[in-house]
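Chemist: Let me begin by handing over the structure; questions about it come next.
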Amino acid sequence: MLISMFGAVESGVIYAIMALGVYLSFRILDFPDLTVDGSFVTGAAIAAISIVNGVPTIIATLLAVLAGFIAGSITGILNTKGKINPLLSGILMMIALYSINLRIMGRPNLPLLNEPTIFKQLQELWASTGIDQALNAFLTSIGAERLPTTWSIVIIMVVVTAIIKLITDYFLKTEIGLALRATGDNEKMIRSFSANTDNLTIVGLGISNALVALSGALIAQYQGFADAGMGIGMIVIGLASVIIGEALFGTKTIMRTTLAVIGGAIVYRIVVTFALRLDFLDTGDMKLITSLMVIIALVVPKIIDRQKEANRKKRKRQELQARLKGEV
């Protein structure tokens, strides 16, 4: 159980970067960007083919981020300059990226098992610190039995994701970030102040898909391969992370919301892991589980709010009746 939980948190932290990208497009820009399903694979494909051809892993990952930014920007250009519906712009880009990704990799699946990845290199550096032995010795002393072989990935990715979250928070408070938020809230109003909402949308979608591609590049190096089909349903997983995080942790401030998105991505992975341990479910049911989680996250808070409102009205009525009886 501990190992399963550990694996869920480990992958959840990496997918949280993708969820932050979806949050930027879905919540900040109010743009239903389906490019995510393609740009996630683009990030994985660029990183994988670069590593296979001897490019250093850090540079390969940065190239993936650049490719994601370009893909998102093109979706923005299709929408703002081509006047194509936002949903259709994303769909067109997603379909185009499927063929582009196959061209990049040269085949549907590109293994990295015998290649140096960023995580293998980090694990080699991490092994000399002795942190794994210290943590496992502590957990063994309090009764834990099955322990992970290394804590390097989860600890390093928590730090990396936290840094990206803080940069995102800071960016959304800058002049451009505030303009992006205003564009998503009321595009006509921000345009009346002479702001170029087209450029803001293009930049916003570029940053969103750059984060998605970064997550794809890291996931490819984490699982040891890039696959043309690994992005299918990724937008739904991203939305599930955002919605679950907002429902569980709240959205009062930007800092709290981005933290909620990261928490939602981890909770999503943990719930899926536990669900797949049930006897009557198998890996093919993952999309069904995702859909049910999104439905529950969307419907339950509204039911709770309606119930709270009904209780509040009932309490007001009772107070009013009590006052009227007192007057009589």
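Labels used: A, B, ... for chains in the order of the structure tokens, numbers from 1 for residues in each chain, and numbers from 1 for ligands as shown.
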So which residues touch stretch 247-263 of chain A within 12 Å, counting only C-alpha atoms, skipping near sequence neighbours fewer than 6 positions away, as an MDAnalysis selection string?
Modeler: chainID A and resid 9 11:24 26:28 157:158 160:173 177:178 181 237:241 269:270 293:302 304:305
Chemist: Between A:Ala64, A:Leu87, A:Leu125, A:Leu34, which one has atoms that come closest to A:Ala48, using only C-alpha atoms?
Modeler: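 Selected residue with least distance to A:Ala48: A:Ala64.
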Chemist: Which one of A:Arg317, A:Ala310, A:Ser4, A:Ala44 sits closest to A:Pro108 if you count only C-alpha atoms?
Modeler: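 Looking at the shortest contact to A:Pro108, the residue is A:Ala44.
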Chemist: Neighbouring residues of stretch 144-153 of chain A were defined as those with any atom within 7 Å, considering only C-alpha atoms; residues of the same chain fewer than 2 positions away were excluded. Please report them as a list in words.
Modeler: Ile3, Glu10, Phe119, Gln123, Trp126, Asp132, Asn136, Leu139, Thr140, Ile142, Ile155, Ile156 and Met157 of chain A
Chemist: Give me a file of those residues, with N, CA, C and O atoms, as a short mmCIF file (atom, residue, chain, number, x, y, z; two decimals), in the first residue's frame.
Modeler:
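Result saved to selection_13.cif:
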```
data_model
loop_
_atom_site.label_atom_id
_atom_site.label_comp_id
_atom_site.auth_asym_id
_atom_site.auth_seq_id
_atom_site.Cartn_x
_atom_site.Cartn_y
_atom_site.Cartn_z
N ILE A 3 3.92 1.57 -1.06
CA ILE A 3 4.60 1.71 -2.34
C ILE A 3 3.66 2.28 -3.40
O ILE A 3 4.03 3.13 -4.20
N GLU A 10 4.41 10.40 -6.51
CA GLU A 10 5.55 10.68 -7.39
C GLU A 10 5.09 11.14 -8.78
O GLU A 10 5.53 12.18 -9.27
N PHE A 119 16.12 11.91 -14.79
CA PHE A 119 15.89 11.26 -13.49
C PHE A 119 17.01 10.28 -13.15
O PHE A 119 17.39 10.14 -11.98
N GLN A 123 19.28 10.60 -9.88
CA GLN A 123 19.41 9.49 -8.93
C GLN A 123 20.87 9.16 -8.65
O GLN A 123 21.24 8.80 -7.53
N TRP A 126 22.01 11.78 -6.32
CA TRP A 126 21.29 11.64 -5.06
C TRP A 126 21.87 10.50 -4.21
O TRP A 126 21.89 10.58 -2.97
N ASP A 132 18.42 8.62 1.20
CA ASP A 132 17.55 7.44 1.09
C ASP A 132 17.74 6.52 2.29
O ASP A 132 16.76 6.06 2.90
N ASN A 136 14.79 5.74 5.01
CA ASN A 136 14.31 4.36 5.14
C ASN A 136 14.61 3.78 6.52
O ASN A 136 13.82 3.00 7.06
N LEU A 139 11.89 5.21 8.79
CA LEU A 139 10.59 4.58 8.57
C LEU A 139 10.59 3.14 9.07
O LEU A 139 9.59 2.65 9.58
N THR A 140 11.71 2.45 8.91
CA THR A 140 11.80 1.08 9.42
C THR A 140 11.69 1.07 10.94
O THR A 140 11.06 0.18 11.53
N ILE A 142 9.93 2.93 12.77
CA ILE A 142 8.54 3.15 13.25
C ILE A 142 7.58 2.10 12.70
O ILE A 142 6.36 2.26 12.77
N ILE A 155 11.15 13.95 -4.04
CA ILE A 155 11.63 15.15 -3.33
C ILE A 155 12.06 16.24 -4.33
O ILE A 155 11.70 17.42 -4.20
N ILE A 156 12.81 15.83 -5.35
CA ILE A 156 13.27 16.82 -6.34
C ILE A 156 12.08 17.41 -7.12
O ILE A 156 12.01 18.62 -7.35
N MET A 157 11.11 16.56 -7.48
CA MET A 157 9.97 17.07 -8.25
C MET A 157 9.07 17.97 -7.40
O MET A 157 8.44 18.89 -7.91
#
```
Chemist: Taking the backbone alone, and naming residues the way the document does, which bits of stretch 58-258 of chain A are helix (DSSP H, G or I) by DSSP, as a PyMOL selection string?
Modeler: chain A and resi 58-80+86-105+118-127+131-141+152-173+175-185+187-192+197-223+234-249+254-258
Chemist: Just want the 10 Å neighbourhood of A:Gly204, counted on only C-alpha atoms, with same-chain residues fewer than 3 positions away dropped. Output as a list in words.
Modeler: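 The filter keeps Gly21, Leu24, Ser25, Ile28, Leu29, Phe31, Phe69, Gly72, Ser73, Gly76, Ile176, Gly177, Leu180, Arg181, Asp198, Asn199, Leu200, Thr201, Ile207, Ser208, Asn209 and Ala210 of chain A.
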Chemist: Which residues come within 12 Å of A:Thr61, counting only C-alpha atoms, excluding same-chain residues fewer than 6 positions away, as a ChimeraX atom specification?
Modeler: /A:42-51,55,67-68,117-119,210-221
Chemist: Which residues are close to A:Thr75, i.e. within 7 Å by only C-alpha atoms, leaving aside same-chain residues fewer than 5 positions away? Reply as an mmCIF file with C-alpha atoms, in the first residue's frame.
Modeler:
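Ended up saving to part.cif:
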```
data_model
loop_
_atom_site.group_PDB
_atom_site.id
_atom_site.type_symbol
_atom_site.label_atom_id
_atom_site.label_comp_id
_atom_site.auth_asym_id
_atom_site.auth_seq_id
_atom_site.Cartn_x
_atom_site.Cartn_y
_atom_site.Cartn_z
ATOM 1 C CA SER A 89 -8.669 25.989 -32.817
ATOM 2 C CA GLY A 90 -7.566 23.573 -30.111
ATOM 3 C CA MET A 93 -3.962 21.965 -33.451
#
```
Chemist: Please measure the separation of atom CA of A:Leu113 and atom CA of A:Thr57, giving the value in Å to one decimal.
Modeler: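 Value for the atom CA of A:Leu113-atom CA of A:Thr57 distance: 13.8 Å.
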Chemist: Calculated over only C-alpha atoms, which of the candidates A:Val271, A:Ala228, A:Leu78, A:Val52 has the smallest distance to A:Ser39?
Modeler: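 Looking only at the distances to A:Ser39, the closest residue turns out to be A:Ala228.
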